[in-house]
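Only one structure is covered here, and it is reproduced in the block below.
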Amino acid sequence: MKALLLTAALLGGFLAAAPAMAQNPRLGYVPTEDHPVGQASRHFAKLVEEKTGGRIKIDTFGNGVLGSEPEMQASVQAGFIDIMVGPTPNLVGVVPQFMVYDLPFFYRDFAAADAVMDGAVGEQLFARLQEKTGIVGLAWWDNGFRHMTNKVRPINTVKDMAGINIRVIPNPLFIATWTALGTNPTPLPWPELYSALENGAVDAQETPYALIDTARFYEVQKYLAKTGHVYTPFVLLASKKWFGSLSDQDKARVMEAAKESAAFQRDISRKAADTLEGALEKKGFQITRPTPEAIAAMAERVAPVVKEYSEKIGVDLVEQARSAMATVAK
């Protein structure tokens, strides 16, 4: 964390030295401009400008221009960057309870994920984040269900995963999950992933369809297994320094814009996922769709991991998530 805060300080000095970038609040994200996060970031900025009568004009920066997600997180915490979008696994180092969104084979569908994000669990997680770091949670966005790609062989069963070297998010629960599935997990930051796949440092990776497509993994991977093993949200976060400087009226307007942006982003993200499967197949992926029985066998393999990490997250919080999902179960 000290290293990240040092990076944030250096980045903050750079940004402060750039007058054009210092005029308006800055919003950073790592995905490309055409990714649903890029589209929704611009939509959020437009909504804020409209709702504040043009007084708040947010500048958006994609493609990791403002740093990696951990770097931006440290910068937002330090007040050098005003707003960011990032996936929840990067937050577990400061609030372990965010691992409730890393539990494998825990979320059945989007309705289940939304019930947890938009309910008491989502509120508690944002409250703990603000208490621990000062970072303000504005909205829950969609990242999607994660699927596995590799260049070794088709994946139909858990046995097919054995021995494959897979890149994972630097997150203990991801490492434990993929170890239990018989792979060799290698933690790597997102910016290093494409080159690692290209040069053979790792054989495989696991991300949602939109990232698989916009990162052009079809150029360096051959097989895609529709595993849907983890649901990962994106979160729209603001620095305490920036958000706290707003009037109560503007805070309300920003939160209103954030809520509307969440509906917009989830809609375009999930519609994209519906069409991307076929598009990725056309771009060269050989897609396998493990049977419900095969998915159940994978879930059984990681059940001890779910139990272990449920205790680390807090059994009460995990049970709250299960109860929320039960209310929308089909």
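Note on naming: chains are A, B, ... as they come in the structure tokens, residues start from 1 per chain, ligands start from 1 in the order shown.
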Test item: residues at most 8 Å from Phe98 of chain A, only C-alpha atoms, excluding those fewer than 4 positions along its chain, as a ChimeraX atom specification: /A:88-89,91-92,102,125,313
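Residue-level DSSP output for segment 66-118 of chain A, from the backbone, shows strand (DSSP E or B) at Ile83, Met84, Val85, Gly86 and Pro87 of chain A.
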Expected file contents, prior selection, N, CA, C and O atoms, as a PDB file, in the first residue's frame:
ATOM      1  N   ILE A  83     -12.427  10.656  -9.511  1.00  0.00           N
ATOM      2  CA  ILE A  83     -13.391   9.578  -9.714  1.00  0.00           C
ATOM      3  C   ILE A  83     -12.705   8.470 -10.498  1.00  0.00           C
ATOM      4  O   ILE A  83     -11.828   8.730 -11.341  1.00  0.00           O
ATOM      5  N   MET A  84     -13.099   7.235 -10.271  1.00  0.00           N
ATOM      6  CA  MET A  84     -12.563   6.115 -11.040  1.00  0.00           C
ATOM      7  C   MET A  84     -13.617   5.024 -11.158  1.00  0.00           C
ATOM      8  O   MET A  84     -14.601   4.996 -10.409  1.00  0.00           O
ATOM      9  N   VAL A  85     -13.387   4.129 -12.100  1.00  0.00           N
ATOM     10  CA  VAL A  85     -14.180   2.907 -12.219  1.00  0.00           C
ATOM     11  C   VAL A  85     -13.204   1.736 -12.158  1.00  0.00           C
ATOM     12  O   VAL A  85     -12.160   1.749 -12.824  1.00  0.00           O
ATOM     13  N   GLY A  86     -13.516   0.745 -11.354  1.00  0.00           N
ATOM     14  CA  GLY A  86     -12.663  -0.432 -11.266  1.00  0.00           C
ATOM     15  C   GLY A  86     -13.448  -1.623 -10.768  1.00  0.00           C
ATOM     16  O   GLY A  86     -14.543  -1.471 -10.214  1.00  0.00           O
ATOM     17  N   PRO A  87     -12.911  -2.832 -10.948  1.00  0.00           N
ATOM     18  CA  PRO A  87     -13.594  -4.034 -10.468  1.00  0.00           C
ATOM     19  C   PRO A  87     -13.390  -4.235  -8.970  1.00  0.00           C
ATOM     20  O   PRO A  87     -12.381  -3.807  -8.405  1.00  0.00           O
TER      21      PRO A  87
END
Cut-off 9 Å: closest segment 97-129 of chain A/segment 156-179 of chain A atom pairs per residue, using only C-alpha atoms, as CSV:
residue,atom,partner,partner_atom,distance
A:Met99,CA,A:Leu173,CA,7.4
A:Asp102,CA,A:Leu173,CA,6.7
A:Leu103,CA,A:Leu173,CA,7.5
A:Pro104,CA,A:Thr177,CA,7.1
Where does segment 56-131 of chain A meet segment 280-295 of chain A within 12 Å, residue by residue, with the nearest atom pair and distance in Å to one decimal for each, counting only C-alpha atoms, listed by chain and rising number, as CSV?
residue,atom,partner,partner_atom,distance
A:Pro104,CA,A:Ile295,CA,10.9
A:Phe105,CA,A:Ile295,CA,8.4
A:Phe106,CA,A:Ile295,CA,11.8
A:Arg108,CA,A:Ile295,CA,11.7
Exercise: Asp34 of chain A partners within 12 Å, only C-alpha atoms, chain neighbours under 5 positions left out, as a PyMOL selection string: chain A and resi 29+39-42+62-63+210-211+213-215+268-269+272
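Non-sequential neighbours of Val76 of chain A (distance at most 9 Å, separation of 3 or more positions within a chain, only C-alpha atoms) are Ala8, Glu71, Met72, Gln73, Gly79, Phe80, Ile81, Asp82, Ile83, Met84, Ile135, Leu237, Ala238, Ser239, Lys240 and Lys241 of chain A.
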Selection near segment 220-224 of chain A, 9 Å with only C-alpha atoms, sequence-local residues under 2 positions removed, as number ranges by chain: A: 147-155, 194, 197-198, 203-204, 216-218, 226-227, 280-281, 284-289
Please write the residues from the selection above to a file, keeping C-alpha atoms, as a PDB file, in the first residue's frame.
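again.pdb, freshly written:
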ATOM      1  CA  HIS A 147     -15.254 -17.150 -18.471  1.00  0.00           C
ATOM      2  CA  MET A 148     -12.007 -18.996 -19.107  1.00  0.00           C
ATOM      3  CA  THR A 149      -9.937 -18.786 -22.294  1.00  0.00           C
ATOM      4  CA  ASN A 150      -6.751 -20.693 -23.098  1.00  0.00           C
ATOM      5  CA  LYS A 151      -4.514 -21.837 -25.935  1.00  0.00           C
ATOM      6  CA  VAL A 152      -3.895 -25.418 -24.746  1.00  0.00           C
ATOM      7  CA  ARG A 153      -7.129 -27.399 -25.199  1.00  0.00           C
ATOM      8  CA  PRO A 154     -10.931 -27.203 -25.073  1.00  0.00           C
ATOM      9  CA  ILE A 155     -12.366 -27.122 -21.548  1.00  0.00           C
ATOM     10  CA  TYR A 194      -1.885  -9.577 -23.281  1.00  0.00           C
ATOM     11  CA  LEU A 197      -0.475 -14.597 -23.242  1.00  0.00           C
ATOM     12  CA  GLU A 198       1.357 -13.679 -26.430  1.00  0.00           C
ATOM     13  CA  ASP A 203      -1.595 -20.187 -21.130  1.00  0.00           C
ATOM     14  CA  ALA A 204      -4.948 -18.874 -20.020  1.00  0.00           C
ATOM     15  CA  ARG A 216      -8.423  -8.794 -28.484  1.00  0.00           C
ATOM     16  CA  PHE A 217      -7.629 -12.036 -26.692  1.00  0.00           C
ATOM     17  CA  TYR A 218      -8.886 -13.873 -29.766  1.00  0.00           C
ATOM     18  CA  LYS A 226     -18.388 -20.677 -20.942  1.00  0.00           C
ATOM     19  CA  THR A 227     -17.860 -21.318 -17.243  1.00  0.00           C
ATOM     20  CA  LEU A 280     -16.094 -14.087 -30.444  1.00  0.00           C
ATOM     21  CA  GLU A 281     -16.795 -17.390 -32.158  1.00  0.00           C
ATOM     22  CA  GLY A 284     -11.770 -17.512 -34.087  1.00  0.00           C
ATOM     23  CA  PHE A 285     -12.622 -18.828 -30.648  1.00  0.00           C
ATOM     24  CA  GLN A 286     -13.623 -22.454 -30.333  1.00  0.00           C
ATOM     25  CA  ILE A 287     -16.299 -22.173 -27.646  1.00  0.00           C
ATOM     26  CA  THR A 288     -17.211 -25.007 -25.322  1.00  0.00           C
ATOM     27  CA  ARG A 289     -20.243 -24.945 -23.065  1.00  0.00           C
TER      28      ARG A 289
END
Of the listed residues A:Leu66, A:Val254, A:Val37, A:Val100, that which approaches Val121 of chain A most closely, counting only C-alpha atoms: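 Smallest separation from Val121 of chain A among the options: A:Val100.
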Which of A:Tyr231, A:Ile212, A:Ser323, A:Asp248 sits closest to Leu276 of chain A [using only C-alpha atoms]: A:Ile212
Within 12 Å of Ser247 of chain A using only C-alpha atoms, minus same-chain residues under 5 positions, as a list in words: Thr52, Arg55, Ile56, Trp242, Ala252, Arg253 and Val254 of chain A
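Minimum atom-to-atom distances from A:Pro304, A:Gly278, A:Gly119, A:Gly144 to Tyr107 of chain A were compared using only C-alpha atoms, and the lowest value belongs to A:Gly144.
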Which of A:Pro189, A:Gly53, A:Pro36, A:Gly122 sits closest to Gln97 of chain A [using only C-alpha atoms]: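 The closest residue to Gln97 of chain A is A:Gly122.
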d(atom CA of Pro208 of chain A, atom CA of Gln130 of chain A) in Å: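 Separation of atom CA of Pro208 of chain A and atom CA of Gln130 of chain A: 27.4 Å.
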